[in-house]
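Visitor: The structure's right below; bear with me while I get my questions together.
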Amino acid sequence: MKRKIYSQLLDWKNTRKGEVALLIEGARRIGKSYIVEEFAKNEYTSYILIGCH
C-alpha cells in the first residue's frame, strides 16, 4: 500500500539526514503506524518504533 505521505517521508529523510526527529500525528486508525513501519523497513537497516497512546 503506497501513500502520498511516503514521498514526504523520503523527502524528510533525504533533507534532514537524521538531524531532526520525526513526529507523526493524526486521527485514529488511518494507517500512521503502518506507513511509518513500512517506511522504516524499506529505508533503514534497523529502526526503533515507539508508540505513544
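By convention in this document, the chains of the C-alpha cells carry letters A, B, ... by their order, each chain's residues are numbered from 1, and ligands are numbered from 1 in the order they are shown.
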Need to verify the contact set: Leu9 in chain A, 10 Å, only C-alpha atoms, exclusion of same-chain residues closer than 6 positions in sequence. Can you return it as a tab-separated table (two decimals) with N, CA and C atoms, in the first residue's frame?
Guide:
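Full text of result.tsv as output:
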```tsv
chain	number	residue	atom	x	y	z
A	15	THR	N	16.50	15.25	3.26
A	15	THR	CA	16.88	16.63	3.57
A	15	THR	C	17.39	16.80	4.99
A	22	LEU	N	11.28	12.79	13.97
A	22	LEU	CA	10.02	12.88	13.24
A	22	LEU	C	8.88	12.49	14.17
A	35	ILE	N	2.29	2.95	7.89
A	35	ILE	CA	3.14	3.59	6.90
A	35	ILE	C	4.53	3.88	7.47
A	36	VAL	N	4.60	4.24	8.76
A	36	VAL	CA	5.91	4.51	9.37
A	36	VAL	C	6.72	3.23	9.45
A	39	PHE	N	7.90	2.30	5.96
A	39	PHE	CA	8.98	3.21	5.58
A	39	PHE	C	10.29	2.78	6.25
A	40	ALA	N	10.24	2.50	7.54
A	40	ALA	CA	11.43	2.09	8.27
A	40	ALA	C	12.00	0.78	7.71
A	43	GLU	N	13.57	1.65	4.16
A	43	GLU	CA	14.58	2.69	4.01
A	43	GLU	C	15.76	2.60	4.98
```
Visitor: Report as number ranges by chain all protein, DNA and RNA residues lying within 12 Å of Glu37 in chain A, evaluated on only C-alpha atoms, omitting residues in the same chain fewer than 3 positions from it.
Guide: A: 6, 9, 24, 31-34, 40-44, 46-51
